[in-house]
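Accompanying notes for the structure given below.
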Amino acid sequence: MPAPAPAAPPVPAPIAPVRPVDAPSNPYLRLLATPGARAFTAGNLLARLPMGMFSVSAVIMIAGAHDSYALAGAVTATGLAATALVAPWTARLVDRYGQARIAVPATAVAVLGSLALVLCVHYDAPVWTLFAAYAATATTPNTGGMSRARWAHLHRGDPAALHTANSFEQAADELCFMLGPVLAASLCGALFPEAGTLTGAILLMTGVLIFAAQRATEPPVTPGTRAASPLRTPGMIALLTVFLATGAVFGAMEVVSIAHAGGAILALQAGGSCVAGLLYGSLRPAASAGRRLLLCLAGMTALMSLPLIAAATTDSLLVLAGCLLLAGAATAPTMVTGMTLIQRLTPQAQLNEGMTLAVTALLGGIAAGSAGGGWTVEHAGTVTGYAVPMCAAALALAVAAMGTRRA
């Protein structure tokens, strides 16, 4: 009778990762304790601040020189359209050849475009040169997307850390878009009209150089491979449509609020989103990101009704400000969850392209929302205008619900 085969050694149960005793308890401090994280974050924040400066600076500079806000708006809209076309291609090059090799020359071209715009305005060049110069800034790389790609590389396989990282990045976006316009307007008013654009160009180039120098945290590339576009990934089109509708919420709210109460009140919405994003990132995320997105969009739709109710029932700017603060609280959690889904759907080697497509959809939605909100304000008044962002949020919820059902 043959001897029994020796029993296989027992397979040890997987051990949950244990946080070191000396690790910070705050999830954001743990995140920034990642080797190399503080250096690339500092450079990225410096490069990202001008994103909230350039359009405001251009409007002030062009409108002051040509006495035409219509021309200033047309020039900035042209730049936005050019960015929507160029940004995905820039991101694809970043994925293929690396962040440092592409981001630095692409930023240099964009900075030259900004300097050319300053010269064209200052020396009263033909109007068409303003459009050409501002369109050249479309090569600006998606610095927020590159930062998110680094976090995804450093914390792959750790959903909790990625959730915190995405929340941190969204809060940084809100902070930059809250401080950028204020800084631009202050520089243009206190110094000279071109000061905002010149300062933004210096900050952008300096920040990208610092960011690109951090090679240890840069995601690896796989040269020679030509993967299919992330647009072919199942569920990606529906998710990008959600980003498009969400962008319409932001664009419409901006135009309507400026028309109703002035631009300063918008800082409250950005502030509410920033705080909500940080709080959201400190929580442990639920297992299903798709379900989280539906809940966030439902909350956004409900909260976006508050400014409409306030504008329709009272003339108090204090009440409207509080409603905008609450409405902003749904923004960051929605964007964080949406970016998490983008990261899960996009192949690792195409993360920059996937997240840039999301930003492009968002920019397209902002442009559409601005146009829709402006048309409604002009033809039906600012109170009715507040219905536009609420309807756009409801559309985003409906698209997300249909996409989830099909998936």
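The chains in the structure tokens are called A, B, ... from first to last as shown; in each chain the residues are counted from 1, and the ligands are counted from 1 in the order shown.
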Contacts of range 150-162 of chain A at 8 Å (only C-alpha atoms; same-chain gap of 4+ positions) as a compact mmCIF listing (two decimals) with N, CA, C and O atoms, in the first residue's frame:
```
# COMPACT_ATOMS: atom_id res chain seq x y z
N PRO A 27 -5.35 60.73 7.61
CA PRO A 27 -5.08 60.11 6.31
C PRO A 27 -4.31 61.02 5.36
O PRO A 27 -3.55 60.54 4.51
N LEU A 31 -0.76 60.31 3.64
CA LEU A 31 -0.61 60.42 2.19
C LEU A 31 0.65 61.21 1.84
O LEU A 31 1.46 60.79 1.01
N MET A 146 -1.77 64.55 -14.11
CA MET A 146 -0.46 63.94 -13.91
C MET A 146 -0.22 63.65 -12.44
O MET A 146 0.39 62.62 -12.09
N ASN A 166 -7.42 61.22 -4.23
CA ASN A 166 -8.35 61.89 -5.15
C ASN A 166 -9.09 63.03 -4.46
O ASN A 166 -9.36 64.07 -5.07
N THR A 217 9.03 59.40 -8.50
CA THR A 217 7.60 59.10 -8.35
C THR A 217 6.86 59.08 -9.68
O THR A 217 5.65 58.87 -9.70
N GLU A 218 7.56 59.31 -10.78
CA GLU A 218 6.91 59.36 -12.09
C GLU A 218 6.46 57.97 -12.53
O GLU A 218 7.24 57.01 -12.44
N PRO A 219 5.23 57.81 -12.98
CA PRO A 219 4.77 56.49 -13.43
C PRO A 219 5.60 56.01 -14.62
O PRO A 219 5.99 56.80 -15.49
N ARG A 284 -13.85 56.38 5.11
CA ARG A 284 -13.58 55.14 4.39
C ARG A 284 -14.62 54.98 3.30
O ARG A 284 -15.82 54.97 3.57
N PRO A 285 -14.18 54.84 2.04
CA PRO A 285 -15.16 54.77 0.94
C PRO A 285 -15.94 53.47 0.94
O PRO A 285 -15.44 52.42 1.36
N THR A 340 -12.35 58.52 -9.49
CA THR A 340 -12.03 57.15 -9.06
C THR A 340 -12.51 56.15 -10.10
O THR A 340 -11.79 55.19 -10.44
N GLN A 343 -10.25 56.21 -13.14
CA GLN A 343 -9.01 55.46 -12.88
C GLN A 343 -9.24 53.96 -12.98
O GLN A 343 -8.37 53.23 -13.46
```
Need the shell around Ala267 in chain A: protein/DNA/RNA residues with any atom at most 10 Å away, counting only C-alpha atoms. Skip same-chain ones fewer than 3 positions apart. Format as a ChimeraX atom specification? /A:174-175,177-179,181-182,263-264,270-273,321,324-325,328
Using only C-alpha atoms, which residue out of A:Leu130, A:Ala216, A:Met53, A:Ala108 lies closest to Gly200 in chain A?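 Smallest distance to Gly200 in chain A is found for A:Met53.
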Which of these residues is nearest to Thr41 in chain A, using only C-alpha atoms: A:Ala212, A:Ala259, A:Leu362, A:Leu326?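 Nearest to Thr41 in chain A: A:Ala212.
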Skip Thr346 in chain A itself and residues of its chain fewer than 3 positions away, then list as a short mmCIF file (atom, residue, chain, number, x, y, z; two decimals) with C-alpha atoms, in the first residue's frame all residues within 10 Å of it, counting only C-alpha atoms.
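Result written to selection_5.cif:
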```
data_model
loop_
_atom_site.label_atom_id
_atom_site.label_comp_id
_atom_site.auth_asym_id
_atom_site.auth_seq_id
_atom_site.Cartn_x
_atom_site.Cartn_y
_atom_site.Cartn_z
CA SER A 229 -8.25 54.73 -26.94
CA PRO A 230 -9.79 54.70 -23.45
CA LEU A 231 -13.00 55.83 -25.18
CA ARG A 232 -13.48 52.21 -26.29
CA THR A 233 -13.58 50.96 -22.71
CA PRO A 234 -17.13 49.88 -21.78
CA MET A 236 -16.33 55.26 -20.42
CA LEU A 341 -14.23 55.45 -11.67
CA ILE A 342 -12.13 56.95 -14.48
CA GLN A 343 -9.01 55.46 -12.88
CA ALA A 349 -0.61 52.85 -19.14
CA GLN A 350 -3.21 55.42 -20.27
CA LEU A 351 -4.14 57.11 -17.01
CA ASN A 352 -3.08 60.59 -18.10
CA GLU A 353 -5.16 60.32 -21.27
CA GLY A 354 -8.19 58.95 -19.45
CA MET A 355 -8.20 61.68 -16.81
#
```
Selected residue of minimal separation from Thr197 in chain A among A:Asn44, A:Ser68, A:Thr337, A:Thr137, counting only C-alpha atoms: A:Thr137
Skip Cys296 in chain A itself and residues of its chain fewer than 3 positions away, then list as a ChimeraX atom specification all residues within 10 Å of it, counting only C-alpha atoms. /A:290-293,299-302,329-338,397
If you keep N, CA and C atoms, can you produce a file of those selected residues as an mmCIF file, in the first residue's frame?
```
data_model
loop_
_atom_site.group_PDB
_atom_site.id
_atom_site.type_symbol
_atom_site.label_atom_id
_atom_site.label_comp_id
_atom_site.auth_asym_id
_atom_site.auth_seq_id
_atom_site.Cartn_x
_atom_site.Cartn_y
_atom_site.Cartn_z
ATOM 1 N N GLY A 290 -19.683 53.017 -8.153
ATOM 2 C CA GLY A 290 -20.829 53.360 -8.979
ATOM 3 C C GLY A 290 -22.012 53.794 -8.148
ATOM 4 N N ARG A 291 -22.268 53.089 -7.053
ATOM 5 C CA ARG A 291 -23.375 53.465 -6.174
ATOM 6 C C ARG A 291 -23.078 54.789 -5.483
ATOM 7 N N ARG A 292 -21.814 54.996 -5.108
ATOM 8 C CA ARG A 292 -21.432 56.261 -4.495
ATOM 9 C C ARG A 292 -21.673 57.425 -5.447
ATOM 10 N N LEU A 293 -21.370 57.213 -6.742
ATOM 11 C CA LEU A 293 -21.566 58.285 -7.717
ATOM 12 C C LEU A 293 -23.043 58.650 -7.822
ATOM 13 N N GLY A 299 -27.423 63.884 -4.357
ATOM 14 C CA GLY A 299 -27.221 64.970 -3.413
ATOM 15 C C GLY A 299 -26.969 66.294 -4.111
ATOM 16 N N MET A 300 -26.199 66.265 -5.190
ATOM 17 C CA MET A 300 -25.931 67.487 -5.948
ATOM 18 C C MET A 300 -27.227 68.052 -6.534
ATOM 19 N N THR A 301 -28.045 67.183 -7.106
ATOM 20 C CA THR A 301 -29.308 67.642 -7.688
ATOM 21 C C THR A 301 -30.188 68.307 -6.640
ATOM 22 N N ALA A 302 -30.247 67.692 -5.453
ATOM 23 C CA ALA A 302 -31.074 68.258 -4.378
ATOM 24 C C ALA A 302 -30.504 69.588 -3.888
ATOM 25 N N ALA A 329 -21.064 71.831 -1.425
ATOM 26 C CA ALA A 329 -20.655 70.663 -0.645
ATOM 27 C C ALA A 329 -20.797 69.362 -1.410
ATOM 28 N N ALA A 330 -21.640 69.327 -2.436
ATOM 29 C CA ALA A 330 -21.814 68.096 -3.208
ATOM 30 C C ALA A 330 -20.841 67.997 -4.366
ATOM 31 N N THR A 331 -20.140 69.092 -4.679
ATOM 32 C CA THR A 331 -19.304 69.115 -5.868
ATOM 33 C C THR A 331 -18.095 68.197 -5.747
ATOM 34 N N ALA A 332 -17.302 68.401 -4.699
ATOM 35 C CA ALA A 332 -16.067 67.630 -4.563
ATOM 36 C C ALA A 332 -16.313 66.122 -4.430
ATOM 37 N N PRO A 333 -17.242 65.669 -3.569
ATOM 38 C CA PRO A 333 -17.478 64.221 -3.513
ATOM 39 C C PRO A 333 -17.876 63.628 -4.860
ATOM 40 N N THR A 334 -18.664 64.379 -5.652
ATOM 41 C CA THR A 334 -19.046 63.884 -6.978
ATOM 42 C C THR A 334 -17.832 63.760 -7.879
ATOM 43 N N MET A 335 -16.982 64.776 -7.905
ATOM 44 C CA MET A 335 -15.800 64.748 -8.754
ATOM 45 C C MET A 335 -14.806 63.688 -8.304
ATOM 46 N N VAL A 336 -14.627 63.547 -6.999
ATOM 47 C CA VAL A 336 -13.706 62.531 -6.472
ATOM 48 C C VAL A 336 -14.148 61.138 -6.908
ATOM 49 N N THR A 337 -15.432 60.852 -6.732
ATOM 50 C CA THR A 337 -15.946 59.531 -7.090
ATOM 51 C C THR A 337 -15.872 59.299 -8.600
ATOM 52 N N GLY A 338 -16.185 60.350 -9.379
ATOM 53 C CA GLY A 338 -16.078 60.226 -10.829
ATOM 54 C C GLY A 338 -14.653 59.942 -11.270
ATOM 55 N N LEU A 397 -27.357 62.833 -13.201
ATOM 56 C CA LEU A 397 -27.871 61.712 -12.409
ATOM 57 C C LEU A 397 -28.559 60.691 -13.304
#
```
Can you tell me how far CA of Cys274 in chain A sits from CA of Val388 in chain A, in Å to one decimal?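 Here the two named atoms are 22.7 Å from each other.
Distances to Glu194 in chain A were evaluated for A:Ala87, A:Val118, A:Ala276, A:Ala392 using only C-alpha atoms, and the minimum falls at A:Val118.
Taking only C-alpha atoms into account, Gly43 in chain A lies nearest to A:Ser147 out of the set A:Ser147, A:Ser305, A:Ser25, A:Thr129.
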Taking into account only C-alpha atoms, which residue in the set A:Ile265, A:Ile62, A:Ala238, A:Val221 is nearest to Arg101 in chain A?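 Residue with the minimum atom-to-atom distance to Arg101 in chain A: A:Val221.
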For CA of Val86 in chain A and CA of Ser114 in chain A, quote the distance in Å rounded to one decimal. 16.2 Å
Write out as a PDB file with N, CA, C and O atoms, in the first residue's frame which residues come within 12 Å of Gly79 in chain A when counting only C-alpha atoms, dropping same-chain ones fewer than 4 positions away.
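File written: result.pdb
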```
ATOM      1  N   PHE A  54      -5.498  82.496 -15.595  1.00  0.00           N
ATOM      2  CA  PHE A  54      -5.291  82.906 -16.980  1.00  0.00           C
ATOM      3  C   PHE A  54      -6.528  83.517 -17.634  1.00  0.00           C
ATOM      4  O   PHE A  54      -6.448  84.559 -18.285  1.00  0.00           O
ATOM      5  N   SER A  55      -7.686  82.872 -17.483  1.00  0.00           N
ATOM      6  CA  SER A  55      -8.867  83.390 -18.176  1.00  0.00           C
ATOM      7  C   SER A  55      -9.294  84.743 -17.619  1.00  0.00           C
ATOM      8  O   SER A  55      -9.626  85.666 -18.374  1.00  0.00           O
ATOM      9  N   ALA A  58      -6.796  87.319 -18.806  1.00  0.00           N
ATOM     10  CA  ALA A  58      -6.972  87.627 -20.227  1.00  0.00           C
ATOM     11  C   ALA A  58      -8.172  88.536 -20.449  1.00  0.00           C
ATOM     12  O   ALA A  58      -8.115  89.479 -21.247  1.00  0.00           O
ATOM     13  N   VAL A  59      -9.266  88.266 -19.744  1.00  0.00           N
ATOM     14  CA  VAL A  59     -10.465  89.099 -19.895  1.00  0.00           C
ATOM     15  C   VAL A  59     -10.178  90.531 -19.458  1.00  0.00           C
ATOM     16  O   VAL A  59     -10.520  91.503 -20.159  1.00  0.00           O
ATOM     17  N   ALA A  72     -13.071  89.859 -25.475  1.00  0.00           N
ATOM     18  CA  ALA A  72     -12.344  89.111 -24.446  1.00  0.00           C
ATOM     19  C   ALA A  72     -12.956  87.728 -24.245  1.00  0.00           C
ATOM     20  O   ALA A  72     -12.234  86.717 -24.138  1.00  0.00           O
ATOM     21  N   GLY A  73     -14.288  87.671 -24.224  1.00  0.00           N
ATOM     22  CA  GLY A  73     -14.949  86.373 -24.060  1.00  0.00           C
ATOM     23  C   GLY A  73     -14.728  85.463 -25.244  1.00  0.00           C
ATOM     24  O   GLY A  73     -14.536  84.244 -25.077  1.00  0.00           O
ATOM     25  N   ALA A  74     -14.727  86.016 -26.448  1.00  0.00           N
ATOM     26  CA  ALA A  74     -14.500  85.204 -27.640  1.00  0.00           C
ATOM     27  C   ALA A  74     -13.088  84.631 -27.660  1.00  0.00           C
ATOM     28  O   ALA A  74     -12.875  83.473 -28.049  1.00  0.00           O
ATOM     29  N   VAL A  75     -12.098  85.423 -27.234  1.00  0.00           N
ATOM     30  CA  VAL A  75     -10.712  84.945 -27.206  1.00  0.00           C
ATOM     31  C   VAL A  75     -10.556  83.806 -26.201  1.00  0.00           C
ATOM     32  O   VAL A  75      -9.952  82.769 -26.508  1.00  0.00           O
ATOM     33  N   THR A  83      -8.094  73.930 -26.209  1.00  0.00           N
ATOM     34  CA  THR A  83      -7.660  73.021 -25.143  1.00  0.00           C
ATOM     35  C   THR A  83      -8.412  71.699 -25.212  1.00  0.00           C
ATOM     36  O   THR A  83      -7.828  70.621 -25.024  1.00  0.00           O
ATOM     37  N   ALA A  84      -9.712  71.769 -25.485  1.00  0.00           N
ATOM     38  CA  ALA A  84     -10.508  70.543 -25.588  1.00  0.00           C
ATOM     39  C   ALA A  84      -9.995  69.634 -26.709  1.00  0.00           C
ATOM     40  O   ALA A  84     -10.079  68.405 -26.605  1.00  0.00           O
ATOM     41  N   LEU A  85      -9.457  70.228 -27.764  1.00  0.00           N
ATOM     42  CA  LEU A  85      -8.936  69.438 -28.878  1.00  0.00           C
ATOM     43  C   LEU A  85      -7.516  68.930 -28.629  1.00  0.00           C
ATOM     44  O   LEU A  85      -7.180  67.797 -28.968  1.00  0.00           O
ATOM     45  N   VAL A  86      -6.680  69.782 -28.036  1.00  0.00           N
ATOM     46  CA  VAL A  86      -5.257  69.468 -27.920  1.00  0.00           C
ATOM     47  C   VAL A  86      -4.931  68.648 -26.674  1.00  0.00           C
ATOM     48  O   VAL A  86      -4.042  67.786 -26.705  1.00  0.00           O
ATOM     49  N   ALA A  87      -5.623  68.892 -25.567  1.00  0.00           N
ATOM     50  CA  ALA A  87      -5.261  68.278 -24.288  1.00  0.00           C
ATOM     51  C   ALA A  87      -5.217  66.750 -24.334  1.00  0.00           C
ATOM     52  O   ALA A  87      -4.271  66.149 -23.804  1.00  0.00           O
ATOM     53  N   ALA A 110       3.112  76.705 -24.170  1.00  0.00           N
ATOM     54  CA  ALA A 110       1.966  77.425 -23.601  1.00  0.00           C
ATOM     55  C   ALA A 110       2.395  78.761 -22.998  1.00  0.00           C
ATOM     56  O   ALA A 110       1.706  79.779 -23.152  1.00  0.00           O
ATOM     57  N   GLY A 113       2.922  81.207 -25.627  1.00  0.00           N
ATOM     58  CA  GLY A 113       1.635  81.706 -26.089  1.00  0.00           C
ATOM     59  C   GLY A 113       1.100  82.809 -25.188  1.00  0.00           C
ATOM     60  O   GLY A 113       0.579  83.828 -25.666  1.00  0.00           O
ATOM     61  N   SER A 114       1.262  82.632 -23.872  1.00  0.00           N
ATOM     62  CA  SER A 114       0.811  83.664 -22.924  1.00  0.00           C
ATOM     63  C   SER A 114       1.614  84.946 -23.089  1.00  0.00           C
ATOM     64  O   SER A 114       1.059  86.057 -23.073  1.00  0.00           O
ATOM     65  N   LEU A 117       0.519  86.734 -26.153  1.00  0.00           N
ATOM     66  CA  LEU A 117      -0.747  87.440 -25.931  1.00  0.00           C
ATOM     67  C   LEU A 117      -0.495  88.791 -25.254  1.00  0.00           C
ATOM     68  O   LEU A 117      -1.093  89.811 -25.629  1.00  0.00           O
ATOM     69  N   LEU A 130      -4.622  87.889 -31.232  1.00  0.00           N
ATOM     70  CA  LEU A 130      -5.044  87.539 -29.873  1.00  0.00           C
ATOM     71  C   LEU A 130      -5.580  86.115 -29.835  1.00  0.00           C
ATOM     72  O   LEU A 130      -5.268  85.338 -28.918  1.00  0.00           O
ATOM     73  N   PHE A 131      -6.381  85.774 -30.829  1.00  0.00           N
ATOM     74  CA  PHE A 131      -6.934  84.414 -30.902  1.00  0.00           C
ATOM     75  C   PHE A 131      -5.820  83.385 -31.097  1.00  0.00           C
ATOM     76  O   PHE A 131      -5.814  82.324 -30.458  1.00  0.00           O
ATOM     77  N   ALA A 132      -4.861  83.695 -31.987  1.00  0.00           N
ATOM     78  CA  ALA A 132      -3.777  82.751 -32.261  1.00  0.00           C
ATOM     79  C   ALA A 132      -2.894  82.550 -31.034  1.00  0.00           C
ATOM     80  O   ALA A 132      -2.510  81.421 -30.700  1.00  0.00           O
ATOM     81  N   ALA A 133      -2.581  83.651 -30.358  1.00  0.00           N
ATOM     82  CA  ALA A 133      -1.707  83.554 -29.191  1.00  0.00           C
ATOM     83  C   ALA A 133      -2.367  82.772 -28.063  1.00  0.00           C
ATOM     84  O   ALA A 133      -1.747  81.891 -27.446  1.00  0.00           O
ATOM     85  N   TYR A 134      -3.645  83.055 -27.796  1.00  0.00           N
ATOM     86  CA  TYR A 134      -4.313  82.361 -26.691  1.00  0.00           C
ATOM     87  C   TYR A 134      -4.562  80.892 -27.030  1.00  0.00           C
ATOM     88  O   TYR A 134      -4.549  80.037 -26.140  1.00  0.00           O
ATOM     89  N   ALA A 135      -4.769  80.603 -28.300  1.00  0.00           N
ATOM     90  CA  ALA A 135      -4.948  79.201 -28.702  1.00  0.00           C
ATOM     91  C   ALA A 135      -3.679  78.394 -28.455  1.00  0.00           C
ATOM     92  O   ALA A 135      -3.738  77.190 -28.182  1.00  0.00           O
ATOM     93  N   ALA A 136      -2.502  79.049 -28.530  1.00  0.00           N
ATOM     94  CA  ALA A 136      -1.240  78.341 -28.304  1.00  0.00           C
ATOM     95  C   ALA A 136      -1.110  77.845 -26.872  1.00  0.00           C
ATOM     96  O   ALA A 136      -0.351  76.904 -26.600  1.00  0.00           O
ATOM     97  N   THR A 137      -1.846  78.442 -25.945  1.00  0.00           N
ATOM     98  CA  THR A 137      -1.771  77.998 -24.554  1.00  0.00           C
ATOM     99  C   THR A 137      -2.468  76.660 -24.336  1.00  0.00           C
ATOM    100  O   THR A 137      -2.414  76.114 -23.231  1.00  0.00           O
ATOM    101  N   ALA A 138      -3.109  76.140 -25.374  1.00  0.00           N
ATOM    102  CA  ALA A 138      -3.821  74.859 -25.248  1.00  0.00           C
ATOM    103  C   ALA A 138      -2.881  73.695 -25.000  1.00  0.00           C
ATOM    104  O   ALA A 138      -3.328  72.609 -24.621  1.00  0.00           O
ATOM    105  N   THR A 139      -1.577  73.873 -25.223  1.00  0.00           N
ATOM    106  CA  THR A 139      -0.629  72.778 -24.971  1.00  0.00           C
ATOM    107  C   THR A 139      -0.325  72.603 -23.493  1.00  0.00           C
ATOM    108  O   THR A 139       0.422  71.681 -23.126  1.00  0.00           O
ATOM    109  N   THR A 140      -0.867  73.464 -22.646  1.00  0.00           N
ATOM    110  CA  THR A 140      -0.643  73.312 -21.200  1.00  0.00           C
ATOM    111  C   THR A 140      -1.038  71.905 -20.754  1.00  0.00           C
ATOM    112  O   THR A 140      -2.178  71.486 -20.959  1.00  0.00           O
ATOM    113  N   LEU A 363     -14.651  70.610 -19.210  1.00  0.00           N
ATOM    114  CA  LEU A 363     -14.507  71.939 -19.819  1.00  0.00           C
ATOM    115  C   LEU A 363     -15.591  72.185 -20.866  1.00  0.00           C
ATOM    116  O   LEU A 363     -16.146  73.289 -20.967  1.00  0.00           O
ATOM    117  N   GLY A 364     -15.884  71.147 -21.665  1.00  0.00           N
ATOM    118  CA  GLY A 364     -16.959  71.286 -22.648  1.00  0.00           C
ATOM    119  C   GLY A 364     -18.293  71.561 -21.982  1.00  0.00           C
ATOM    120  O   GLY A 364     -19.095  72.382 -22.459  1.00  0.00           O
ATOM    121  N   ALA A 367     -18.418  75.188 -20.773  1.00  0.00           N
ATOM    122  CA  ALA A 367     -18.718  76.102 -21.874  1.00  0.00           C
ATOM    123  C   ALA A 367     -20.202  76.066 -22.233  1.00  0.00           C
ATOM    124  O   ALA A 367     -20.850  77.109 -22.403  1.00  0.00           O
TER     125      ALA A 367
END
```
Using only C-alpha atoms, determine which residues lie at most 12 Å from Ile210 in chain A, disregarding the query and same-chain residues fewer than 2 positions distant; provide the list as a short mmCIF file (atom, residue, chain, number, x, y, z; two decimals) with C-alpha atoms, in the first residue's frame.
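The result, stored in result_26.cif:
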```
data_model
loop_
_atom_site.label_atom_id
_atom_site.label_comp_id
_atom_site.auth_asym_id
_atom_site.auth_seq_id
_atom_site.Cartn_x
_atom_site.Cartn_y
_atom_site.Cartn_z
CA GLY A 36 8.63 61.93 -2.79
CA ARG A 38 5.59 66.40 -0.85
CA ALA A 39 8.06 67.46 -3.54
CA PHE A 40 5.86 66.64 -6.53
CA THR A 41 2.77 67.99 -4.73
CA ALA A 42 4.48 71.34 -4.09
CA GLY A 43 5.48 71.69 -7.74
CA ASN A 44 2.06 70.61 -8.96
CA LEU A 45 0.18 73.06 -6.74
CA LEU A 46 2.44 75.87 -7.93
CA ALA A 47 1.74 74.90 -11.54
CA ALA A 100 8.95 64.96 -17.73
CA ALA A 103 5.19 68.25 -19.87
CA VAL A 104 8.19 70.59 -19.89
CA THR A 143 -1.08 68.96 -14.19
CA LEU A 203 4.27 80.18 -11.76
CA LEU A 204 3.24 77.62 -14.38
CA MET A 205 6.72 77.14 -15.81
CA THR A 206 8.38 77.05 -12.38
CA GLY A 207 5.87 74.58 -10.98
CA VAL A 208 6.10 72.20 -13.94
CA ALA A 212 9.00 67.11 -13.63
CA ALA A 213 12.28 66.97 -11.68
CA GLN A 214 10.75 64.42 -9.26
CA ARG A 215 11.57 61.41 -11.41
#
```
